[in-house]
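Reviewing the structure listed below.
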Amino acid sequence: MTLRCAMHVAIGACPTNEASGNAIVIERTGELAPETLGLTLAEAPALLREAQARLVTAQVGAWQAAHRACPACGADRALKDRRPMVMRTAFGEQRVAAERLRRCGCGGDTGPGATMTPLAALLPERTTPELLYLETRWASLVSFGLAARMLNELLPLDRPVAPECVRRHLHAAAEREEVALEAEEPMRFDACQRDLFDMAVPDGPMVVGIDGGYVRDREGSWFEVVAGKGRTSFARGDGEAGSPPNEAASSPGRCFAFVQAYDDDPRRRMLRMLRDQGYQPNQKLVFLSDGGESVRTLQRRTGPEPSTCWTGSMSPCE
């Protein structure tokens, strides 16, 4: 028995009919078997790559046509040429034709040079956020080599991802997070007692588990890493006094971590985690910790006065 299946890909808002049609033809011969049921590991990447190539072509063509006009006078800018531009995506590399436009003579289209490439300005990193997300997430859980190996085995990439590329992207993402953290306003959780009485009834106590440990680097020296996770024990049903607890509405929790000797202000990471969890000054704060000196220092600086439960052997729960 021979089965021939033509996969049809339809792209919405296509400027031409070239972006829709039979993207790939899959043939099956012989009787049905477990290994022939559905798409195989070789067929799925080919289908995804072809479908995305048509989608990217349609998207880029429509976007460039919409941004060809001068932003000052509205007249179409002259097209000088088209140059190939490669975009790295989670489904392989996509080569597109980026238009290079001459600047308008009205004088309102200012900028360096006599020409401009709007698509290059829109996509400066040449890598989609989804691929960067997969690289940084896996590299934060396993080694760079294992992360690159998983990406190469699971995704239909045209070129293998190198561990050095994964490391570079992870460090760039960490630097962007650091810049965003520095730019945030200082967070305070103290308030006047009168203001505390006027606040809405908070959710259940905020429980923060925190611990520290020592890690050895490649040079043989040791450094301390402090990590923790916080979550609200329960969320009230409607936010009013006497409302029954609503455990289903409680947040799943958020994590934080830092290197004790490297971070200049480790308190900010704790405060950001509490803020993202919706913590308010009249809410009880409970720490679960083993009582290490660096951990206790961080707890004392967090405020307001938290309750602490020592989970180690240093002292019983208070």
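Labeling convention for the structure tokens: chains A, B, ... as they appear, residues from 1 per chain, ligands from 1 in order of appearance.
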Quick one: residues within 12 Å of stretch 56-73 of chain A, only C-alpha atoms, excluding same-chain residues fewer than 4 positions away - as a short mmCIF file (atom, residue, chain, number, x, y, z; two decimals) with all heavy atoms, in the first residue's frame?
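Result went into part_21.cif, see below:
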data_model
loop_
_atom_site.label_atom_id
_atom_site.label_comp_id
_atom_site.auth_asym_id
_atom_site.auth_seq_id
_atom_site.Cartn_x
_atom_site.Cartn_y
_atom_site.Cartn_z
N ALA A 10 -0.69 27.46 4.13
CA ALA A 10 -1.36 28.69 3.71
C ALA A 10 -0.90 29.82 4.62
O ALA A 10 -1.01 29.72 5.84
CB ALA A 10 -2.87 28.55 3.77
N ILE A 11 -0.37 30.87 4.04
CA ILE A 11 0.12 32.02 4.79
C ILE A 11 -0.88 33.16 4.63
O ILE A 11 -1.21 33.54 3.51
CB ILE A 11 1.50 32.47 4.30
CG1 ILE A 11 2.46 31.30 4.28
CG2 ILE A 11 2.03 33.60 5.16
CD1 ILE A 11 2.72 30.71 5.64
N GLY A 12 -1.36 33.68 5.74
CA GLY A 12 -2.30 34.78 5.67
C GLY A 12 -1.64 36.08 5.24
O GLY A 12 -0.47 36.32 5.54
N ALA A 13 -2.38 36.92 4.57
CA ALA A 13 -1.91 38.25 4.14
C ALA A 13 -0.66 38.16 3.27
O ALA A 13 0.29 38.92 3.43
CB ALA A 13 -1.66 39.14 5.35
N CYS A 14 -0.63 37.21 2.35
CA CYS A 14 0.52 37.08 1.47
C CYS A 14 0.39 38.05 0.31
O CYS A 14 -0.68 38.19 -0.28
CB CYS A 14 0.61 35.65 0.91
SG CYS A 14 0.95 34.43 2.18
N PRO A 15 1.47 38.73 -0.08
CA PRO A 15 1.39 39.64 -1.21
C PRO A 15 1.19 38.92 -2.53
O PRO A 15 0.66 39.48 -3.47
CB PRO A 15 2.73 40.39 -1.15
CG PRO A 15 3.64 39.48 -0.42
CD PRO A 15 2.80 38.73 0.56
N THR A 16 1.68 37.70 -2.63
CA THR A 16 1.51 36.92 -3.85
C THR A 16 1.07 35.52 -3.48
O THR A 16 1.02 35.15 -2.30
CB THR A 16 2.83 36.86 -4.64
OG1 THR A 16 3.80 36.15 -3.85
CG2 THR A 16 3.36 38.25 -4.96
N ASN A 17 0.79 34.72 -4.48
CA ASN A 17 0.41 33.34 -4.25
C ASN A 17 1.60 32.41 -4.13
O ASN A 17 1.44 31.21 -3.97
CB ASN A 17 -0.49 32.84 -5.40
CG ASN A 17 -1.84 33.54 -5.38
OD1 ASN A 17 -2.33 33.93 -4.32
ND2 ASN A 17 -2.43 33.72 -6.56
N GLU A 18 2.81 32.95 -4.20
CA GLU A 18 3.99 32.11 -4.13
C GLU A 18 4.20 31.55 -2.73
O GLU A 18 4.90 30.56 -2.55
CB GLU A 18 5.24 32.91 -4.54
CG GLU A 18 5.18 33.37 -6.00
CD GLU A 18 6.40 34.21 -6.34
OE1 GLU A 18 7.21 34.43 -5.41
OE2 GLU A 18 6.54 34.62 -7.49
N ALA A 19 3.63 32.17 -1.73
CA ALA A 19 3.86 31.74 -0.36
C ALA A 19 2.90 30.66 0.08
O ALA A 19 2.93 30.24 1.22
CB ALA A 19 3.77 32.93 0.60
N SER A 20 1.98 30.22 -0.77
CA SER A 20 1.10 29.13 -0.39
C SER A 20 1.15 28.07 -1.48
O SER A 20 1.40 28.34 -2.64
CB SER A 20 -0.33 29.62 -0.15
OG SER A 20 -0.87 30.20 -1.24
N LEU A 48 9.01 21.85 8.95
CA LEU A 48 9.09 23.11 9.69
C LEU A 48 9.96 24.13 8.95
O LEU A 48 9.61 25.32 8.88
CB LEU A 48 9.67 22.86 11.08
CG LEU A 48 8.76 22.14 12.08
CD1 LEU A 48 9.52 21.80 13.34
CD2 LEU A 48 7.54 22.97 12.41
N ARG A 49 11.05 23.68 8.39
CA ARG A 49 11.95 24.59 7.69
C ARG A 49 11.28 25.19 6.46
O ARG A 49 11.38 26.39 6.20
CB ARG A 49 13.23 23.86 7.29
CG ARG A 49 14.29 24.78 6.70
CD ARG A 49 15.54 24.01 6.33
NE ARG A 49 16.21 23.46 7.52
CZ ARG A 49 16.21 22.17 7.83
NH1 ARG A 49 15.59 21.28 7.06
NH2 ARG A 49 16.84 21.76 8.91
N GLU A 50 10.56 24.38 5.71
CA GLU A 50 9.90 24.87 4.50
C GLU A 50 8.75 25.80 4.85
O GLU A 50 8.56 26.85 4.22
CB GLU A 50 9.39 23.69 3.68
CG GLU A 50 8.70 24.06 2.38
CD GLU A 50 9.63 24.73 1.39
OE1 GLU A 50 10.86 24.52 1.51
OE2 GLU A 50 9.14 25.46 0.50
N ALA A 51 7.96 25.42 5.87
CA ALA A 51 6.85 26.28 6.27
C ALA A 51 7.34 27.63 6.77
O ALA A 51 6.77 28.68 6.44
CB ALA A 51 6.02 25.57 7.34
N GLN A 52 8.41 27.62 7.56
CA GLN A 52 8.91 28.88 8.08
C GLN A 52 9.54 29.73 6.98
O GLN A 52 9.43 30.96 7.00
CB GLN A 52 9.94 28.64 9.18
CG GLN A 52 10.50 29.93 9.73
CD GLN A 52 11.24 29.74 11.02
OE1 GLN A 52 10.75 30.06 12.09
NE2 GLN A 52 12.45 29.21 10.92
N ARG A 77 10.72 56.03 -0.78
CA ARG A 77 12.14 56.21 -0.98
C ARG A 77 12.65 55.28 -2.08
O ARG A 77 12.13 54.17 -2.24
CB ARG A 77 12.89 55.95 0.33
CG ARG A 77 12.67 57.03 1.36
CD ARG A 77 13.25 56.68 2.72
NE ARG A 77 12.43 55.68 3.40
CZ ARG A 77 12.54 55.40 4.70
NH1 ARG A 77 13.41 56.04 5.44
NH2 ARG A 77 11.78 54.48 5.25
N ALA A 78 13.64 55.73 -2.81
CA ALA A 78 14.16 54.96 -3.93
C ALA A 78 14.91 53.73 -3.43
O ALA A 78 15.64 53.78 -2.45
CB ALA A 78 15.07 55.83 -4.79
N LEU A 79 14.72 52.63 -4.16
CA LEU A 79 15.40 51.38 -3.82
C LEU A 79 16.75 51.33 -4.52
O LEU A 79 16.82 51.41 -5.75
CB LEU A 79 14.53 50.19 -4.25
CG LEU A 79 15.15 48.81 -4.07
CD1 LEU A 79 15.39 48.50 -2.60
CD2 LEU A 79 14.27 47.74 -4.72
N LYS A 80 17.82 51.20 -3.76
CA LYS A 80 19.15 51.10 -4.34
C LYS A 80 19.48 49.67 -4.73
O LYS A 80 19.87 49.38 -5.86
CB LYS A 80 20.20 51.64 -3.37
CG LYS A 80 21.60 51.60 -3.97
CD LYS A 80 22.63 52.21 -3.03
CE LYS A 80 24.02 52.19 -3.69
NZ LYS A 80 25.05 52.79 -2.81
N ARG A 82 19.17 45.18 -3.10
CA ARG A 82 18.79 44.21 -2.06
C ARG A 82 20.00 43.36 -1.71
O ARG A 82 20.69 42.89 -2.61
CB ARG A 82 17.63 43.33 -2.53
CG ARG A 82 16.31 44.06 -2.70
CD ARG A 82 15.22 43.07 -3.12
NE ARG A 82 13.91 43.69 -3.19
CZ ARG A 82 13.43 44.29 -4.26
NH1 ARG A 82 14.17 44.35 -5.37
NH2 ARG A 82 12.23 44.83 -4.24
N MET A 85 20.47 38.77 3.93
CA MET A 85 20.65 38.85 5.38
C MET A 85 20.20 37.53 5.98
O MET A 85 19.12 37.03 5.64
CB MET A 85 19.85 40.01 5.97
CG MET A 85 20.18 40.30 7.43
SD MET A 85 19.29 41.75 8.06
CE MET A 85 17.66 41.07 8.24
N VAL A 86 21.01 36.97 6.84
CA VAL A 86 20.74 35.66 7.42
C VAL A 86 20.21 35.85 8.84
O VAL A 86 20.82 36.55 9.65
CB VAL A 86 22.00 34.77 7.42
CG1 VAL A 86 21.71 33.43 8.08
CG2 VAL A 86 22.49 34.57 6.00
N MET A 87 19.07 35.21 9.11
CA MET A 87 18.49 35.22 10.44
C MET A 87 18.56 33.82 11.02
O MET A 87 18.17 32.84 10.37
CB MET A 87 17.03 35.68 10.39
CG MET A 87 16.84 37.17 10.30
SD MET A 87 17.38 38.02 11.81
CE MET A 87 16.31 37.27 13.02
N ARG A 88 19.07 33.69 12.25
CA ARG A 88 19.10 32.41 12.94
C ARG A 88 17.83 32.25 13.76
O ARG A 88 17.51 33.08 14.61
CB ARG A 88 20.33 32.33 13.86
CG ARG A 88 21.65 32.38 13.13
CD ARG A 88 22.81 32.34 14.09
NE ARG A 88 22.85 31.09 14.85
CZ ARG A 88 22.62 31.00 16.15
NH1 ARG A 88 22.32 32.08 16.85
NH2 ARG A 88 22.69 29.84 16.77
N THR A 89 17.08 31.18 13.48
CA THR A 89 15.85 30.91 14.19
C THR A 89 15.92 29.52 14.81
O THR A 89 16.86 28.75 14.56
CB THR A 89 14.64 31.00 13.25
OG1 THR A 89 14.61 29.83 12.40
CG2 THR A 89 14.70 32.25 12.38
N PHE A 91 14.22 27.13 13.97
CA PHE A 91 13.91 26.15 12.93
C PHE A 91 14.84 26.32 11.73
O PHE A 91 14.44 26.11 10.59
CB PHE A 91 12.45 26.28 12.50
CG PHE A 91 11.49 26.16 13.65
CD1 PHE A 91 10.84 27.28 14.14
CD2 PHE A 91 11.26 24.95 14.27
CE1 PHE A 91 9.97 27.18 15.21
CE2 PHE A 91 10.40 24.83 15.34
CZ PHE A 91 9.74 25.96 15.81
N GLY A 92 16.07 26.72 12.00
CA GLY A 92 17.05 26.83 10.94
C GLY A 92 17.31 28.26 10.54
O GLY A 92 16.61 29.20 10.95
N GLU A 93 18.34 28.46 9.73
CA GLU A 93 18.68 29.78 9.24
C GLU A 93 17.76 30.17 8.09
O GLU A 93 17.42 29.35 7.24
CB GLU A 93 20.14 29.80 8.77
CG GLU A 93 21.15 29.64 9.88
CD GLU A 93 22.57 29.77 9.37
OE1 GLU A 93 22.74 29.81 8.12
OE2 GLU A 93 23.49 29.83 10.19
N GLN A 94 17.37 31.43 8.09
CA GLN A 94 16.51 31.96 7.05
C GLN A 94 17.24 33.10 6.35
O GLN A 94 17.66 34.06 7.00
CB GLN A 94 15.18 32.46 7.63
CG GLN A 94 14.36 31.38 8.32
CD GLN A 94 13.91 30.32 7.35
OE1 GLN A 94 13.59 30.58 6.20
NE2 GLN A 94 13.88 29.08 7.82
N ARG A 95 17.40 32.99 5.05
CA ARG A 95 18.06 34.03 4.26
C ARG A 95 17.00 34.88 3.59
O ARG A 95 16.14 34.37 2.86
CB ARG A 95 18.96 33.39 3.21
CG ARG A 95 19.83 34.40 2.43
CD ARG A 95 20.74 33.66 1.46
NE ARG A 95 21.70 32.83 2.20
CZ ARG A 95 22.88 33.26 2.59
NH1 ARG A 95 23.27 34.49 2.31
NH2 ARG A 95 23.70 32.45 3.23
N VAL A 96 17.03 36.17 3.86
CA VAL A 96 16.05 37.11 3.31
C VAL A 96 16.78 38.18 2.53
O VAL A 96 17.99 38.41 2.71
CB VAL A 96 15.20 37.74 4.43
CG1 VAL A 96 14.40 36.67 5.17
CG2 VAL A 96 16.08 38.51 5.41
N ALA A 97 16.04 38.86 1.67
CA ALA A 97 16.59 39.96 0.86
C ALA A 97 16.23 41.28 1.54
O ALA A 97 15.07 41.70 1.52
CB ALA A 97 16.03 39.90 -0.56
N ALA A 98 17.22 41.91 2.14
CA ALA A 98 17.01 43.17 2.85
C ALA A 98 17.16 44.33 1.87
O ALA A 98 18.19 44.46 1.19
CB ALA A 98 17.99 43.31 4.00
N GLU A 99 16.15 45.19 1.79
CA GLU A 99 16.18 46.33 0.89
C GLU A 99 17.06 47.45 1.46
O GLU A 99 17.00 47.76 2.64
CB GLU A 99 14.77 46.86 0.67
CG GLU A 99 13.85 45.87 -0.04
CD GLU A 99 12.47 46.45 -0.24
OE1 GLU A 99 12.19 47.53 0.34
OE2 GLU A 99 11.67 45.84 -0.98
N ARG A 100 17.88 48.01 0.58
CA ARG A 100 18.68 49.19 0.93
C ARG A 100 18.07 50.38 0.21
O ARG A 100 18.02 50.42 -1.03
CB ARG A 100 20.14 48.99 0.54
CG ARG A 100 21.08 49.95 1.26
CD ARG A 100 22.48 49.35 1.38
NE ARG A 100 23.05 49.06 0.07
CZ ARG A 100 24.16 49.63 -0.40
NH1 ARG A 100 24.81 50.53 0.33
NH2 ARG A 100 24.64 49.28 -1.57
N LEU A 101 17.59 51.37 0.98
CA LEU A 101 16.86 52.50 0.44
C LEU A 101 17.72 53.76 0.49
O LEU A 101 18.53 53.95 1.40
CB LEU A 101 15.57 52.73 1.23
CG LEU A 101 14.62 51.53 1.37
CD1 LEU A 101 13.44 51.89 2.25
CD2 LEU A 101 14.16 51.04 0.01
N ARG A 102 17.51 54.61 -0.51
CA ARG A 102 18.15 55.94 -0.50
C ARG A 102 17.32 56.87 0.37
O ARG A 102 16.09 56.80 0.37
CB ARG A 102 18.24 56.50 -1.93
CG ARG A 102 19.04 55.61 -2.88
CD ARG A 102 19.14 56.27 -4.25
NE ARG A 102 19.77 55.38 -5.22
CZ ARG A 102 21.08 55.25 -5.38
NH1 ARG A 102 21.90 55.96 -4.62
NH2 ARG A 102 21.57 54.43 -6.29
N ARG A 103 17.98 57.71 1.08
CA ARG A 103 17.27 58.65 1.93
C ARG A 103 16.51 59.67 1.08
O ARG A 103 16.96 60.06 0.01
CB ARG A 103 18.23 59.36 2.88
CG ARG A 103 18.90 58.38 3.85
CD ARG A 103 19.54 59.09 5.02
NE ARG A 103 20.15 58.13 5.93
CZ ARG A 103 19.51 57.49 6.90
NH1 ARG A 103 18.20 57.75 7.08
NH2 ARG A 103 20.12 56.65 7.68
N CYS A 104 15.38 60.08 1.61
CA CYS A 104 14.51 60.99 0.87
C CYS A 104 15.15 62.38 0.77
O CYS A 104 15.85 62.83 1.69
CB CYS A 104 13.15 61.07 1.57
SG CYS A 104 11.93 62.06 0.67
N GLY A 105 14.89 63.04 -0.33
CA GLY A 105 15.45 64.36 -0.54
C GLY A 105 14.70 65.48 0.13
O GLY A 105 15.07 66.65 -0.03
N CYS A 106 13.64 65.16 0.89
CA CYS A 106 12.87 66.23 1.54
C CYS A 106 13.63 66.85 2.71
O CYS A 106 13.25 67.92 3.19
CB CYS A 106 11.53 65.69 2.02
SG CYS A 106 11.65 64.49 3.37
N GLY A 107 14.65 66.18 3.21
CA GLY A 107 15.42 66.70 4.33
C GLY A 107 14.96 66.21 5.68
O GLY A 107 15.67 66.39 6.68
N GLY A 108 13.80 65.59 5.74
CA GLY A 108 13.31 65.11 7.03
C GLY A 108 13.80 63.71 7.37
O GLY A 108 13.74 63.29 8.52
N ASP A 109 14.29 62.98 6.36
CA ASP A 109 14.78 61.61 6.57
C ASP A 109 16.27 61.69 6.90
O ASP A 109 17.14 61.48 6.05
CB ASP A 109 14.53 60.77 5.32
CG ASP A 109 14.91 59.32 5.54
OD1 ASP A 109 15.10 58.94 6.71
OD2 ASP A 109 15.00 58.58 4.56
N THR A 110 16.57 62.02 8.13
CA THR A 110 17.95 62.23 8.55
C THR A 110 18.55 60.94 9.09
O THR A 110 17.84 60.03 9.53
CB THR A 110 18.05 63.32 9.61
OG1 THR A 110 17.26 62.94 10.74
CG2 THR A 110 17.54 64.65 9.06
N MET A 116 19.99 53.50 3.79
CA MET A 116 19.60 52.86 5.05
C MET A 116 18.98 51.51 4.75
O MET A 116 18.46 51.28 3.65
CB MET A 116 18.60 53.74 5.81
CG MET A 116 17.31 54.01 5.04
SD MET A 116 16.08 54.87 6.00
CE MET A 116 15.86 53.77 7.37
N THR A 117 19.05 50.61 5.72
CA THR A 117 18.44 49.28 5.61
C THR A 117 17.49 49.11 6.77
O THR A 117 17.91 48.75 7.89
CB THR A 117 19.51 48.18 5.62
OG1 THR A 117 20.48 48.46 4.61
CG2 THR A 117 18.89 46.82 5.34
N PRO A 118 16.19 49.37 6.57
CA PRO A 118 15.24 49.29 7.69
C PRO A 118 15.20 47.92 8.35
O PRO A 118 15.08 47.81 9.57
CB PRO A 118 13.90 49.65 7.04
CG PRO A 118 14.27 50.42 5.82
CD PRO A 118 15.54 49.84 5.33
N LEU A 119 15.32 46.84 7.56
CA LEU A 119 15.23 45.50 8.13
C LEU A 119 16.40 45.21 9.06
O LEU A 119 16.24 44.55 10.09
CB LEU A 119 15.15 44.46 7.02
CG LEU A 119 14.81 43.04 7.46
CD1 LEU A 119 13.43 42.98 8.09
CD2 LEU A 119 14.89 42.07 6.28
N ALA A 120 17.59 45.70 8.72
CA ALA A 120 18.75 45.50 9.57
C ALA A 120 18.60 46.24 10.90
O ALA A 120 19.06 45.76 11.94
CB ALA A 120 20.02 45.96 8.86
N ALA A 121 17.95 47.40 10.86
CA ALA A 121 17.71 48.13 12.11
C ALA A 121 16.66 47.44 12.97
O ALA A 121 16.72 47.49 14.20
CB ALA A 121 17.28 49.56 11.80
N LEU A 122 15.71 46.77 12.33
CA LEU A 122 14.67 46.06 13.06
C LEU A 122 15.21 44.80 13.71
O LEU A 122 14.80 44.44 14.82
CB LEU A 122 13.51 45.71 12.12
CG LEU A 122 12.37 44.89 12.73
CD1 LEU A 122 11.59 45.72 13.74
CD2 LEU A 122 11.44 44.37 11.64
N LEU A 123 16.13 44.12 13.05
CA LEU A 123 16.67 42.84 13.53
C LEU A 123 18.17 42.97 13.73
O LEU A 123 18.96 42.42 12.96
CB LEU A 123 16.35 41.72 12.53
CG LEU A 123 14.89 41.60 12.10
CD1 LEU A 123 14.74 40.61 10.96
CD2 LEU A 123 14.02 41.19 13.29
N THR A 128 16.54 35.14 16.56
CA THR A 128 15.21 35.33 17.11
C THR A 128 15.22 35.13 18.63
O THR A 128 16.02 34.35 19.17
CB THR A 128 14.22 34.33 16.48
OG1 THR A 128 14.68 32.99 16.72
CG2 THR A 128 14.12 34.57 14.99
#
*Would you please extract all alpha helix (DSSP H) residues from stretch 53-226 of chain A, as assigned by DSSP on the backbone, and give them as a PyMOL selection string?*
chain A and resi 53-66+118-122+129-141+144-154+163-183+193-198
_Give me, as a list of chain:residue names, all polymer residues having an atom no more than 12 Å from A:Ala46, counting only C-alpha atoms and skipping those fewer than 3 positions away in the same chain._
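In the requested format, the answer is A:Met7, A:Ala23, A:Ile24, A:Val25, A:Ile26, A:Leu39, A:Thr40, A:Leu41, A:Ala42, A:Glu43, A:Arg49, A:Glu50, A:Ala51, A:Gln52, A:Ala53, A:Phe91, A:Gly92, A:Leu155, A:Pro156, A:Leu157, A:Asp158.
Relative to atom CA of A:Ser140, atom CA of A:Leu271 is found at 22.0 Å.
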*Residues near A:Ala174, cut-off 12 Å, only C-alpha atoms, skip fewer than 2 positions along chain, as a list in words*: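 Near A:Ala174, the qualifying residues are Leu132, Tyr133, Thr136, Arg137, Ala139, Ser140, Arg167, Arg168, His169, Leu170, His171, Ala172, Arg176, Glu177, Glu178, Val179, Ala180, Leu181 and Phe258 of chain A.
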*Residues near stretch 211-224 of chain A, cut-off 8 Å, only C-alpha atoms, skip fewer than 2 positions along chain, as a list in words*: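 Within the cut-off, the hits are Gly209, Val226, Ala227, Gly228, Val259, Gln260, Ala261, Ser289, Asp290, Gly292, Ser294 and Val295 of chain A.
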Can those selected residues be exported to a file as a short mmCIF file (atom, residue, chain, number, x, y, z; two decimals), in the first residue's frame so that it contains N, CA and C atoms?
data_model
loop_
_atom_site.label_atom_id
_atom_site.label_comp_id
_atom_site.auth_asym_id
_atom_site.auth_seq_id
_atom_site.Cartn_x
_atom_site.Cartn_y
_atom_site.Cartn_z
N GLY A 209 12.56 30.20 51.03
CA GLY A 209 13.60 29.23 51.34
C GLY A 209 14.92 29.70 50.76
N VAL A 226 24.58 31.88 46.87
CA VAL A 226 23.36 31.91 47.68
C VAL A 226 22.17 31.87 46.73
N ALA A 227 21.27 30.97 46.98
CA ALA A 227 20.10 30.80 46.13
C ALA A 227 18.87 30.59 46.99
N GLY A 228 17.73 30.93 46.45
CA GLY A 228 16.49 30.76 47.21
C GLY A 228 15.28 30.86 46.32
N VAL A 259 26.21 35.38 43.51
CA VAL A 259 27.51 35.00 44.07
C VAL A 259 27.85 36.01 45.16
N GLN A 260 28.07 35.52 46.37
CA GLN A 260 28.19 36.39 47.53
C GLN A 260 29.32 37.41 47.39
N ALA A 261 30.49 37.00 46.91
CA ALA A 261 31.63 37.90 46.85
C ALA A 261 31.63 38.77 45.60
N SER A 289 15.79 28.53 56.49
CA SER A 289 17.22 28.64 56.23
C SER A 289 17.98 27.73 57.17
N ASP A 290 19.26 27.48 56.82
CA ASP A 290 20.14 26.71 57.68
C ASP A 290 20.94 27.60 58.62
N GLY A 292 23.31 30.07 57.96
CA GLY A 292 24.67 30.51 57.66
C GLY A 292 24.81 32.00 57.84
N SER A 294 26.24 34.42 56.04
CA SER A 294 25.90 35.25 54.88
C SER A 294 24.39 35.27 54.64
N VAL A 295 23.74 34.16 54.90
CA VAL A 295 22.29 34.10 54.71
C VAL A 295 21.58 34.92 55.78
#
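Using only C-alpha atoms for every distance, the candidate list A:Thr232, A:Thr127, A:Thr115, A:Gln299 yields A:Thr232 as the residue closest to A:Val207.
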*Pull the strand (DSSP E or B) assignments for stretch 92-311 of chain A out of DSSP run on the backbone, and list those residues as a ChimeraX atom specification.*
/A:92-102,115-116,127,206-216,222-232,235-236,245-246,254-259,285-289,307-310
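Minimum atom-to-atom distances from A:Asp198, A:Glu153, A:Glu27, A:Glu135 to A:Ala173 were compared using only C-alpha atoms, and the lowest value belongs to A:Glu135.
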